[in-house]
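Here is the file upload_34.pdb (PDB, N, CA and C atoms).
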```
ATOM      1  N   MET A   1      27.714 -23.926  90.285
ATOM      2  CA  MET A   1      28.756 -23.282  91.030
ATOM      3  C   MET A   1      28.685 -23.731  92.480
ATOM      4  N   ALA A   2      29.828 -23.888  93.089
ATOM      5  CA  ALA A   2      29.892 -24.345  94.474
ATOM      6  C   ALA A   2      29.405 -23.244  95.408
ATOM      7  N   GLU A   3      28.678 -23.642  96.408
ATOM      8  CA  GLU A   3      28.125 -22.674  97.333
ATOM      9  C   GLU A   3      28.955 -22.630  98.609
ATOM     10  N   ASN A   4      29.982 -21.758  98.611
ATOM     11  CA  ASN A   4      30.844 -21.515  99.773
ATOM     12  C   ASN A   4      31.445 -22.787 100.363
ATOM     13  N   ARG A   5      31.922 -23.661  99.527
ATOM     14  CA  ARG A   5      32.601 -24.853 100.021
ATOM     15  C   ARG A   5      34.098 -24.609  99.958
ATOM     16  N   GLU A   6      34.830 -25.292 100.826
ATOM     17  CA  GLU A   6      36.275 -25.087 100.878
ATOM     18  C   GLU A   6      36.971 -25.646  99.643
ATOM     19  N   GLU A   7      36.529 -26.809  99.178
ATOM     20  CA  GLU A   7      37.163 -27.427  98.026
ATOM     21  C   GLU A   7      36.121 -28.193  97.217
ATOM     22  N   ILE A   8      36.422 -28.387  95.965
ATOM     23  CA  ILE A   8      35.543 -29.158  95.099
ATOM     24  C   ILE A   8      36.239 -30.475  94.794
ATOM     25  N   ILE A   9      35.561 -31.568  95.096
ATOM     26  CA  ILE A   9      36.117 -32.895  94.869
ATOM     27  C   ILE A   9      35.304 -33.563  93.780
ATOM     28  N   ARG A  10      35.978 -34.116  92.797
ATOM     29  CA  ARG A  10      35.308 -34.778  91.680
ATOM     30  C   ARG A  10      35.071 -36.247  91.991
ATOM     31  N   CYS A  11      34.034 -36.812  91.385
ATOM     32  CA  CYS A  11      33.707 -38.215  91.582
ATOM     33  C   CYS A  11      34.650 -39.083  90.745
ATOM     34  N   PRO A  12      35.387 -40.007  91.359
ATOM     35  CA  PRO A  12      36.324 -40.836  90.594
ATOM     36  C   PRO A  12      35.630 -41.792  89.621
ATOM     37  N   TRP A  13      34.463 -42.310  89.980
ATOM     38  CA  TRP A  13      33.752 -43.224  89.080
ATOM     39  C   TRP A  13      33.239 -42.489  87.849
ATOM     40  N   CYS A  14      32.725 -41.287  88.034
ATOM     41  CA  CYS A  14      32.247 -40.504  86.893
ATOM     42  C   CYS A  14      33.413 -40.044  86.015
ATOM     43  N   MET A  15      34.531 -39.725  86.639
ATOM     44  CA  MET A  15      35.696 -39.312  85.856
ATOM     45  C   MET A  15      36.192 -40.442  84.966
ATOM     46  N   GLU A  16      36.068 -41.691  85.408
ATOM     47  CA  GLU A  16      36.457 -42.826  84.574
ATOM     48  C   GLU A  16      35.607 -42.908  83.322
ATOM     49  N   ARG A  17      34.375 -42.405  83.400
ATOM     50  CA  ARG A  17      33.470 -42.401  82.246
ATOM     51  C   ARG A  17      33.492 -41.064  81.526
ATOM     52  N   ASP A  18      34.476 -40.235  81.803
ATOM     53  CA  ASP A  18      34.626 -38.905  81.204
ATOM     54  C   ASP A  18      33.440 -37.996  81.475
ATOM     55  N   THR A  19      32.881 -38.107  82.668
ATOM     56  CA  THR A  19      31.801 -37.235  83.111
ATOM     57  C   THR A  19      32.327 -36.427  84.286
ATOM     58  N   ASP A  20      32.052 -35.147  84.269
ATOM     59  CA  ASP A  20      32.526 -34.271  85.340
ATOM     60  C   ASP A  20      31.403 -34.084  86.353
ATOM     61  N   ALA A  21      31.554 -34.694  87.525
ATOM     62  CA  ALA A  21      30.539 -34.585  88.570
ATOM     63  C   ALA A  21      31.206 -34.291  89.910
ATOM     64  N   GLU A  22      30.593 -33.422  90.678
ATOM     65  CA  GLU A  22      31.113 -33.074  92.001
ATOM     66  C   GLU A  22      30.584 -34.037  93.044
ATOM     67  N   LEU A  23      31.386 -34.250  94.070
ATOM     68  CA  LEU A  23      30.932 -35.004  95.224
ATOM     69  C   LEU A  23      30.380 -34.024  96.249
ATOM     70  N   TYR A  24      29.315 -34.421  96.898
ATOM     71  CA  TYR A  24      28.703 -33.606  97.935
ATOM     72  C   TYR A  24      28.932 -34.270  99.281
ATOM     73  N   TYR A  25      29.058 -33.452 100.304
ATOM     74  CA  TYR A  25      29.371 -33.952 101.637
ATOM     75  C   TYR A  25      28.108 -34.076 102.469
ATOM     76  N   ASP A  26      27.940 -35.219 103.097
ATOM     77  CA  ASP A  26      26.820 -35.457 104.005
ATOM     78  C   ASP A  26      27.360 -35.444 105.429
ATOM     79  N   LYS A  27      27.029 -34.401 106.187
ATOM     80  CA  LYS A  27      27.547 -34.266 107.551
ATOM     81  C   LYS A  27      27.030 -35.360 108.470
ATOM     82  N   LYS A  28      25.808 -35.797 108.242
ATOM     83  CA  LYS A  28      25.209 -36.809 109.112
ATOM     84  C   LYS A  28      25.967 -38.132 109.017
ATOM     85  N   ASP A  29      26.285 -38.561 107.794
ATOM     86  CA  ASP A  29      26.992 -39.824 107.594
ATOM     87  C   ASP A  29      28.501 -39.660 107.513
ATOM     88  N   ASN A  30      28.982 -38.414 107.476
ATOM     89  CA  ASN A  30      30.408 -38.109 107.396
ATOM     90  C   ASN A  30      31.056 -38.770 106.179
ATOM     91  N   GLU A  31      30.389 -38.610 105.011
ATOM     92  CA  GLU A  31      30.953 -39.158 103.783
ATOM     93  C   GLU A  31      30.517 -38.322 102.583
ATOM     94  N   TYR A  32      31.224 -38.509 101.496
ATOM     95  CA  TYR A  32      30.938 -37.819 100.249
ATOM     96  C   TYR A  32      30.107 -38.728  99.355
ATOM     97  N   TYR A  33      29.235 -38.135  98.542
ATOM     98  CA  TYR A  33      28.411 -38.926  97.638
ATOM     99  C   TYR A  33      28.233 -38.180  96.312
ATOM    100  N   CYS A  34      27.925 -38.932  95.274
ATOM    101  CA  CYS A  34      27.722 -38.386  93.935
ATOM    102  C   CYS A  34      26.243 -38.479  93.577
ATOM    103  N   TRP A  35      25.725 -37.434  92.942
ATOM    104  CA  TRP A  35      24.323 -37.437  92.523
ATOM    105  C   TRP A  35      24.117 -38.188  91.218
ATOM    106  N   LEU A  36      25.154 -38.373  90.435
ATOM    107  CA  LEU A  36      24.998 -39.012  89.130
ATOM    108  C   LEU A  36      25.166 -40.531  89.163
ATOM    109  N   CYS A  37      25.916 -41.012  90.115
ATOM    110  CA  CYS A  37      26.116 -42.464  90.206
ATOM    111  C   CYS A  37      25.935 -42.873  91.679
ATOM    112  N   CYS A  38      26.229 -44.080  92.000
ATOM    113  CA  CYS A  38      25.990 -44.558  93.372
ATOM    114  C   CYS A  38      27.240 -44.490  94.244
ATOM    115  N   TYR A  39      28.241 -43.710  93.859
ATOM    116  CA  TYR A  39      29.488 -43.629  94.618
ATOM    117  C   TYR A  39      29.287 -42.872  95.922
ATOM    118  N   SER A  40      29.779 -43.454  97.014
ATOM    119  CA  SER A  40      29.840 -42.756  98.300
ATOM    120  C   SER A  40      30.997 -43.343  99.090
ATOM    121  N   ALA A  41      31.736 -42.465  99.759
ATOM    122  CA  ALA A  41      32.911 -42.909 100.508
ATOM    123  C   ALA A  41      33.360 -41.805 101.449
ATOM    124  N   ASP A  42      34.220 -42.183 102.394
ATOM    125  CA  ASP A  42      34.796 -41.172 103.270
ATOM    126  C   ASP A  42      35.931 -40.461 102.535
ATOM    127  N   ARG A  43      36.456 -39.422 103.155
ATOM    128  CA  ARG A  43      37.447 -38.555 102.498
ATOM    129  C   ARG A  43      38.710 -39.321 102.069
ATOM    130  N   GLU A  44      39.218 -40.169 102.941
ATOM    131  CA  GLU A  44      40.443 -40.917 102.621
ATOM    132  C   GLU A  44      40.233 -41.841 101.420
ATOM    133  N   THR A  45      39.102 -42.509 101.371
ATOM    134  CA  THR A  45      38.810 -43.424 100.263
ATOM    135  C   THR A  45      38.640 -42.655  98.955
ATOM    136  N   VAL A  46      38.008 -41.498  99.019
ATOM    137  CA  VAL A  46      37.830 -40.677  97.813
ATOM    138  C   VAL A  46      39.185 -40.301  97.233
ATOM    139  N   TYR A  47      40.078 -39.806  98.082
ATOM    140  CA  TYR A  47      41.392 -39.397  97.589
ATOM    141  C   TYR A  47      42.215 -40.599  97.104
ATOM    142  N   ARG A  48      42.073 -41.735  97.744
ATOM    143  CA  ARG A  48      42.765 -42.937  97.274
ATOM    144  C   ARG A  48      42.237 -43.365  95.895
ATOM    145  N   ASP A  49      40.918 -43.319  95.696
ATOM    146  CA  ASP A  49      40.336 -43.678  94.408
ATOM    147  C   ASP A  49      40.718 -42.679  93.315
ATOM    148  N   LEU A  50      40.768 -41.401  93.670
ATOM    149  CA  LEU A  50      41.199 -40.394  92.692
ATOM    150  C   LEU A  50      42.660 -40.596  92.302
ATOM    151  N   LYS A  51      43.489 -40.974  93.262
ATOM    152  CA  LYS A  51      44.905 -41.235  92.965
ATOM    153  C   LYS A  51      45.042 -42.447  92.042
ATOM    154  N   LYS A  52      44.256 -43.511  92.308
ATOM    155  CA  LYS A  52      44.293 -44.692  91.430
ATOM    156  C   LYS A  52      43.846 -44.332  90.025
ATOM    157  N   PHE A  53      42.787 -43.517  89.914
ATOM    158  CA  PHE A  53      42.310 -43.078  88.603
ATOM    159  C   PHE A  53      43.385 -42.289  87.871
ATOM    160  N   LYS A  54      44.008 -41.363  88.573
ATOM    161  CA  LYS A  54      45.041 -40.516  87.969
ATOM    162  C   LYS A  54      46.199 -41.361  87.445
ATOM    163  N   HIS A  55      46.620 -42.340  88.222
ATOM    164  CA  HIS A  55      47.744 -43.175  87.804
ATOM    165  C   HIS A  55      47.360 -44.122  86.668
ATOM    166  N   SER A  56      46.118 -44.576  86.632
ATOM    167  CA  SER A  56      45.714 -45.463  85.536
ATOM    168  C   SER A  56      45.484 -44.694  84.240
ATOM    169  N   ARG A  57      44.895 -43.494  84.337
ATOM    170  CA  ARG A  57      44.602 -42.708  83.140
ATOM    171  C   ARG A  57      45.860 -42.072  82.561
ATOM    172  N   TYR A  58      46.752 -41.622  83.416
ATOM    173  CA  TYR A  58      47.937 -40.884  82.980
ATOM    174  C   TYR A  58      49.217 -41.633  83.336
ATOM    175  N   LYS A  59      49.214 -42.942  83.134
ATOM    176  CA  LYS A  59      50.366 -43.755  83.548
ATOM    177  C   LYS A  59      51.643 -43.417  82.777
ATOM    178  N   ALA A  60      51.526 -42.863  81.591
ATOM    179  CA  ALA A  60      52.715 -42.474  80.835
ATOM    180  C   ALA A  60      53.471 -41.342  81.536
ATOM    181  N   TYR A  61      52.754 -40.535  82.301
ATOM    182  CA  TYR A  61      53.385 -39.427  83.003
ATOM    183  C   TYR A  61      53.961 -39.823  84.350
ATOM    184  N   PHE A  62      53.604 -41.019  84.820
ATOM    185  CA  PHE A  62      54.048 -41.474  86.127
ATOM    186  C   PHE A  62      55.000 -42.669  86.028
ATOM    187  N   SER A  63      55.843 -42.679  85.035
ATOM    188  CA  SER A  63      56.805 -43.789  84.919
ATOM    189  C   SER A  63      57.886 -43.598  85.965
ATOM    190  N   GLU A  64      57.918 -44.520  86.885
ATOM    191  CA  GLU A  64      58.883 -44.408  87.991
ATOM    192  C   GLU A  64      59.944 -45.461  87.885
TER
END
```
Would you encode the structure as structure tokens?
Amino acid sequence: MAENREEIIRCPWCMERDTDAELYYDKKDNEYYCWLCCYSADRETVYRDLKKFKHSRYKAYFSE
């Protein structure tokens, strides 16, 4: 369970492998990281990677 965090962000690399893992925030480096894999990135990159994952996994729903 999240300990008083504003939002829970999932790891895009783990989601590609159908694993549910949370990203943790490192204030010192100002980036998010995953404990299960070697993913680490800033907030903008995380959301961009999650958007790419969403569009690749659910492309039938995003026919434009």
Could you give me, as a ChimeraX atom specification, each residue of chain A that DSSP assigns to strand (DSSP E or B) when run on this structure's backbone?
/A:10,22-26,31-34,40-41
Check what the PyMOL selection byres ((chain A and resi 20-22) around 6) selects in the file above and give those residues as a short mmCIF file (atom, residue, chain, number, x, y, z; two decimals) with N, CA and C atoms, keeping the file's coordinate frame.
```cif
data_model
loop_
_atom_site.label_atom_id
_atom_site.label_comp_id
_atom_site.auth_asym_id
_atom_site.auth_seq_id
_atom_site.Cartn_x
_atom_site.Cartn_y
_atom_site.Cartn_z
N ILE A 9 35.56 -31.57 95.10
CA ILE A 9 36.12 -32.90 94.87
C ILE A 9 35.30 -33.56 93.78
N ARG A 10 35.98 -34.12 92.80
CA ARG A 10 35.31 -34.78 91.68
C ARG A 10 35.07 -36.25 91.99
N CYS A 11 34.03 -36.81 91.38
CA CYS A 11 33.71 -38.22 91.58
C CYS A 11 34.65 -39.08 90.74
N CYS A 14 32.72 -41.29 88.03
CA CYS A 14 32.25 -40.50 86.89
C CYS A 14 33.41 -40.04 86.02
N MET A 15 34.53 -39.72 86.64
CA MET A 15 35.70 -39.31 85.86
C MET A 15 36.19 -40.44 84.97
N ASP A 18 34.48 -40.24 81.80
CA ASP A 18 34.63 -38.90 81.20
C ASP A 18 33.44 -38.00 81.47
N THR A 19 32.88 -38.11 82.67
CA THR A 19 31.80 -37.24 83.11
C THR A 19 32.33 -36.43 84.29
N LEU A 23 31.39 -34.25 94.07
CA LEU A 23 30.93 -35.00 95.22
C LEU A 23 30.38 -34.02 96.25
N TYR A 24 29.32 -34.42 96.90
CA TYR A 24 28.70 -33.61 97.94
C TYR A 24 28.93 -34.27 99.28
N TYR A 33 29.24 -38.14 98.54
CA TYR A 33 28.41 -38.93 97.64
C TYR A 33 28.23 -38.18 96.31
N CYS A 34 27.92 -38.93 95.27
CA CYS A 34 27.72 -38.39 93.94
C CYS A 34 26.24 -38.48 93.58
N TRP A 35 25.72 -37.43 92.94
CA TRP A 35 24.32 -37.44 92.52
C TRP A 35 24.12 -38.19 91.22
#
```
Interatomic distance (Å, one decimal) between CA of Tyr61 (chain A) and atom C of Tyr47 (chain A)
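Computed distance, CA of Tyr61 (chain A) to atom C of Tyr47 (chain A), equals 18.0 Å.
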Counting all atoms listed in the file, figure out which residue out of A:Glu6, A:Leu36, A:Pro12, A:Asp26 gets nearest to Lys51 (chain A).
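Answer, going by the shortest atom-to-atom distance: A:Pro12.
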Need to verify the contact set: Asn30 (chain A), 8 Å, only N, CA and C atoms, exclusion of same-chain residues closer than 4 positions in sequence. Can you return it as a list in words?
Tyr25, Asp26, Ala41, Asp42 and Arg43 of chain A
Keeping only N, CA and C atoms, take the residues you just selected and write them out as a compact mmCIF listing (two decimals), keeping the file's coordinate frame.
```txt
# COMPACT_ATOMS: atom_id res chain seq x y z
N TYR A 25 29.06 -33.45 100.30
CA TYR A 25 29.37 -33.95 101.64
C TYR A 25 28.11 -34.08 102.47
N ASP A 26 27.94 -35.22 103.10
CA ASP A 26 26.82 -35.46 104.00
C ASP A 26 27.36 -35.44 105.43
N ALA A 41 31.74 -42.46 99.76
CA ALA A 41 32.91 -42.91 100.51
C ALA A 41 33.36 -41.80 101.45
N ASP A 42 34.22 -42.18 102.39
CA ASP A 42 34.80 -41.17 103.27
C ASP A 42 35.93 -40.46 102.54
N ARG A 43 36.46 -39.42 103.16
CA ARG A 43 37.45 -38.56 102.50
C ARG A 43 38.71 -39.32 102.07
```
Just the number, please: distance in Å from CA of Glu44 (chain A) to atom C of Trp13 (chain A), one decimal.
16.5 Å
Enclose all atoms of region 30-42 of chain A listed in the file in an axis-aligned box, grow every side by 5 Å, and hand back centre and edge lengths in Å to one decimal, as AutoDock Vina command-line options.
```
--center_x 30.0 --center_y -41.0 --center_z 98.3 --size_x 21.8 --size_y 17.1 --size_z 28.3
```
Backbone DSSP call of alpha helix (DSSP H) for chain A, listed as a PDB file with N, CA and C atoms, in the frame of the given file:
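out.pdb, written as the output of this step:
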```pdb
ATOM      1  N   PRO A  12      35.387 -40.007  91.359  1.00  0.00           N
ATOM      2  CA  PRO A  12      36.324 -40.836  90.594  1.00  0.00           C
ATOM      3  C   PRO A  12      35.630 -41.792  89.621  1.00  0.00           C
ATOM      4  N   TRP A  13      34.463 -42.310  89.980  1.00  0.00           N
ATOM      5  CA  TRP A  13      33.752 -43.224  89.080  1.00  0.00           C
ATOM      6  C   TRP A  13      33.239 -42.489  87.849  1.00  0.00           C
ATOM      7  N   CYS A  14      32.725 -41.287  88.034  1.00  0.00           N
ATOM      8  CA  CYS A  14      32.247 -40.504  86.893  1.00  0.00           C
ATOM      9  C   CYS A  14      33.413 -40.044  86.015  1.00  0.00           C
ATOM     10  N   MET A  15      34.531 -39.725  86.639  1.00  0.00           N
ATOM     11  CA  MET A  15      35.696 -39.312  85.856  1.00  0.00           C
ATOM     12  C   MET A  15      36.192 -40.442  84.966  1.00  0.00           C
ATOM     13  N   GLU A  16      36.068 -41.691  85.408  1.00  0.00           N
ATOM     14  CA  GLU A  16      36.457 -42.826  84.574  1.00  0.00           C
ATOM     15  C   GLU A  16      35.607 -42.908  83.322  1.00  0.00           C
ATOM     16  N   ARG A  43      36.456 -39.422 103.155  1.00  0.00           N
ATOM     17  CA  ARG A  43      37.447 -38.555 102.498  1.00  0.00           C
ATOM     18  C   ARG A  43      38.710 -39.321 102.069  1.00  0.00           C
ATOM     19  N   GLU A  44      39.218 -40.169 102.941  1.00  0.00           N
ATOM     20  CA  GLU A  44      40.443 -40.917 102.621  1.00  0.00           C
ATOM     21  C   GLU A  44      40.233 -41.841 101.420  1.00  0.00           C
ATOM     22  N   THR A  45      39.102 -42.509 101.371  1.00  0.00           N
ATOM     23  CA  THR A  45      38.810 -43.424 100.263  1.00  0.00           C
ATOM     24  C   THR A  45      38.640 -42.655  98.955  1.00  0.00           C
ATOM     25  N   VAL A  46      38.008 -41.498  99.019  1.00  0.00           N
ATOM     26  CA  VAL A  46      37.830 -40.677  97.813  1.00  0.00           C
ATOM     27  C   VAL A  46      39.185 -40.301  97.233  1.00  0.00           C
ATOM     28  N   TYR A  47      40.078 -39.806  98.082  1.00  0.00           N
ATOM     29  CA  TYR A  47      41.392 -39.397  97.589  1.00  0.00           C
ATOM     30  C   TYR A  47      42.215 -40.599  97.104  1.00  0.00           C
ATOM     31  N   ARG A  48      42.073 -41.735  97.744  1.00  0.00           N
ATOM     32  CA  ARG A  48      42.765 -42.937  97.274  1.00  0.00           C
ATOM     33  C   ARG A  48      42.237 -43.365  95.895  1.00  0.00           C
ATOM     34  N   ASP A  49      40.918 -43.319  95.696  1.00  0.00           N
ATOM     35  CA  ASP A  49      40.336 -43.678  94.408  1.00  0.00           C
ATOM     36  C   ASP A  49      40.718 -42.679  93.315  1.00  0.00           C
ATOM     37  N   LEU A  50      40.768 -41.401  93.670  1.00  0.00           N
ATOM     38  CA  LEU A  50      41.199 -40.394  92.692  1.00  0.00           C
ATOM     39  C   LEU A  50      42.660 -40.596  92.302  1.00  0.00           C
ATOM     40  N   LYS A  51      43.489 -40.974  93.262  1.00  0.00           N
ATOM     41  CA  LYS A  51      44.905 -41.235  92.965  1.00  0.00           C
ATOM     42  C   LYS A  51      45.042 -42.447  92.042  1.00  0.00           C
ATOM     43  N   LYS A  52      44.256 -43.511  92.308  1.00  0.00           N
ATOM     44  CA  LYS A  52      44.293 -44.692  91.430  1.00  0.00           C
ATOM     45  C   LYS A  52      43.846 -44.332  90.025  1.00  0.00           C
ATOM     46  N   PHE A  53      42.787 -43.517  89.914  1.00  0.00           N
ATOM     47  CA  PHE A  53      42.310 -43.078  88.603  1.00  0.00           C
ATOM     48  C   PHE A  53      43.385 -42.289  87.871  1.00  0.00           C
ATOM     49  N   LYS A  54      44.008 -41.363  88.573  1.00  0.00           N
ATOM     50  CA  LYS A  54      45.041 -40.516  87.969  1.00  0.00           C
ATOM     51  C   LYS A  54      46.199 -41.361  87.445  1.00  0.00           C
ATOM     52  N   HIS A  55      46.620 -42.340  88.222  1.00  0.00           N
ATOM     53  CA  HIS A  55      47.744 -43.175  87.804  1.00  0.00           C
ATOM     54  C   HIS A  55      47.360 -44.122  86.668  1.00  0.00           C
ATOM     55  N   SER A  56      46.118 -44.576  86.632  1.00  0.00           N
ATOM     56  CA  SER A  56      45.714 -45.463  85.536  1.00  0.00           C
ATOM     57  C   SER A  56      45.484 -44.694  84.240  1.00  0.00           C
ATOM     58  N   ARG A  57      44.895 -43.494  84.337  1.00  0.00           N
ATOM     59  CA  ARG A  57      44.602 -42.708  83.140  1.00  0.00           C
ATOM     60  C   ARG A  57      45.860 -42.072  82.561  1.00  0.00           C
TER      61      ARG A  57
END
```
For the atom pair atom C of Tyr32 (chain A) and CA of Val46 (chain A), what is the interatomic distance in Å to one decimal place?
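If I compute the distance from atom C of Tyr32 (chain A) to CA of Val46 (chain A), I get 8.1 Å.
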Copy region 29-54 of chain A out of the block into a file, keeping N, CA and C atoms, as an mmCIF file, in the first residue's frame.
```
data_model
loop_
_atom_site.group_PDB
_atom_site.id
_atom_site.type_symbol
_atom_site.label_atom_id
_atom_site.label_comp_id
_atom_site.auth_asym_id
_atom_site.auth_seq_id
_atom_site.Cartn_x
_atom_site.Cartn_y
_atom_site.Cartn_z
ATOM 1 N N ASP A 29 17.755 12.686 -6.661
ATOM 2 C CA ASP A 29 18.019 12.682 -8.098
ATOM 3 C C ASP A 29 16.875 13.253 -8.920
ATOM 4 N N ASN A 30 15.739 13.537 -8.276
ATOM 5 C CA ASN A 30 14.560 14.088 -8.939
ATOM 6 C C ASN A 30 14.096 13.196 -10.090
ATOM 7 N N GLU A 31 14.001 11.877 -9.797
ATOM 8 C CA GLU A 31 13.516 10.950 -10.813
ATOM 9 C C GLU A 31 12.820 9.762 -10.155
ATOM 10 N N TYR A 32 12.060 9.057 -10.955
ATOM 11 C CA TYR A 32 11.340 7.874 -10.510
ATOM 12 C C TYR A 32 12.144 6.635 -10.872
ATOM 13 N N TYR A 33 12.041 5.592 -10.050
ATOM 14 C CA TYR A 33 12.760 4.356 -10.329
ATOM 15 C C TYR A 33 11.902 3.154 -9.924
ATOM 16 N N CYS A 34 12.203 2.016 -10.518
ATOM 17 C CA CYS A 34 11.485 0.772 -10.253
ATOM 18 C C CYS A 34 12.400 -0.176 -9.485
ATOM 19 N N TRP A 35 11.836 -0.868 -8.502
ATOM 20 C CA TRP A 35 12.617 -1.832 -7.726
ATOM 21 C C TRP A 35 12.748 -3.168 -8.437
ATOM 22 N N LEU A 36 11.881 -3.461 -9.377
ATOM 23 C CA LEU A 36 11.906 -4.766 -10.034
ATOM 24 C C LEU A 36 12.782 -4.810 -11.286
ATOM 25 N N CYS A 37 12.947 -3.681 -11.919
ATOM 26 C CA CYS A 37 13.781 -3.653 -13.128
ATOM 27 C C CYS A 37 14.716 -2.435 -13.026
ATOM 28 N N CYS A 38 15.416 -2.135 -14.059
ATOM 29 C CA CYS A 38 16.398 -1.040 -13.994
ATOM 30 C C CYS A 38 15.845 0.276 -14.534
ATOM 31 N N TYR A 39 14.531 0.419 -14.637
ATOM 32 C CA TYR A 39 13.930 1.632 -15.188
ATOM 33 C C TYR A 39 14.067 2.799 -14.221
ATOM 34 N N SER A 40 14.522 3.936 -14.743
ATOM 35 C CA SER A 40 14.515 5.190 -13.987
ATOM 36 C C SER A 40 14.415 6.331 -14.984
ATOM 37 N N ALA A 41 13.608 7.327 -14.635
ATOM 38 C CA ALA A 41 13.389 8.452 -15.543
ATOM 39 C C ALA A 41 12.733 9.593 -14.788
ATOM 40 N N ASP A 42 12.755 10.771 -15.411
ATOM 41 C CA ASP A 42 12.049 11.898 -14.817
ATOM 42 C C ASP A 42 10.558 11.774 -15.128
ATOM 43 N N ARG A 43 9.773 12.651 -14.534
ATOM 44 C CA ARG A 43 8.307 12.552 -14.620
ATOM 45 C C ARG A 43 7.794 12.618 -16.069
ATOM 46 N N GLU A 44 8.327 13.539 -16.848
ATOM 47 C CA GLU A 44 7.869 13.689 -18.237
ATOM 48 C C GLU A 44 8.153 12.429 -19.056
ATOM 49 N N THR A 45 9.319 11.850 -18.878
ATOM 50 C CA THR A 45 9.686 10.641 -19.620
ATOM 51 C C THR A 45 8.815 9.460 -19.199
ATOM 52 N N VAL A 46 8.519 9.364 -17.916
ATOM 53 C CA VAL A 46 7.657 8.276 -17.429
ATOM 54 C C VAL A 46 6.293 8.352 -18.097
ATOM 55 N N TYR A 47 5.696 9.538 -18.097
ATOM 56 C CA TYR A 47 4.371 9.679 -18.697
ATOM 57 C C TYR A 47 4.411 9.471 -20.217
ATOM 58 N N ARG A 48 5.476 9.883 -20.863
ATOM 59 C CA ARG A 48 5.610 9.633 -22.299
ATOM 60 C C ARG A 48 5.721 8.126 -22.582
ATOM 61 N N ASP A 49 6.497 7.400 -21.775
ATOM 62 C CA ASP A 49 6.634 5.959 -21.953
ATOM 63 C C ASP A 49 5.327 5.225 -21.653
ATOM 64 N N LEU A 50 4.606 5.687 -20.639
ATOM 65 C CA LEU A 50 3.304 5.078 -20.340
ATOM 66 C C LEU A 50 2.311 5.314 -21.473
ATOM 67 N N LYS A 51 2.360 6.492 -22.075
ATOM 68 C CA LYS A 51 1.470 6.790 -23.207
ATOM 69 C C LYS A 51 1.811 5.898 -24.402
ATOM 70 N N LYS A 52 3.120 5.710 -24.672
ATOM 71 C CA LYS A 52 3.525 4.821 -25.773
ATOM 72 C C LYS A 52 3.065 3.398 -25.512
ATOM 73 N N PHE A 53 3.207 2.934 -24.262
ATOM 74 C CA PHE A 53 2.752 1.591 -23.903
ATOM 75 C C PHE A 53 1.252 1.451 -24.115
ATOM 76 N N LYS A 54 0.505 2.433 -23.652
ATOM 77 C CA LYS A 54 -0.956 2.397 -23.767
ATOM 78 C C LYS A 54 -1.384 2.326 -25.231
#
```
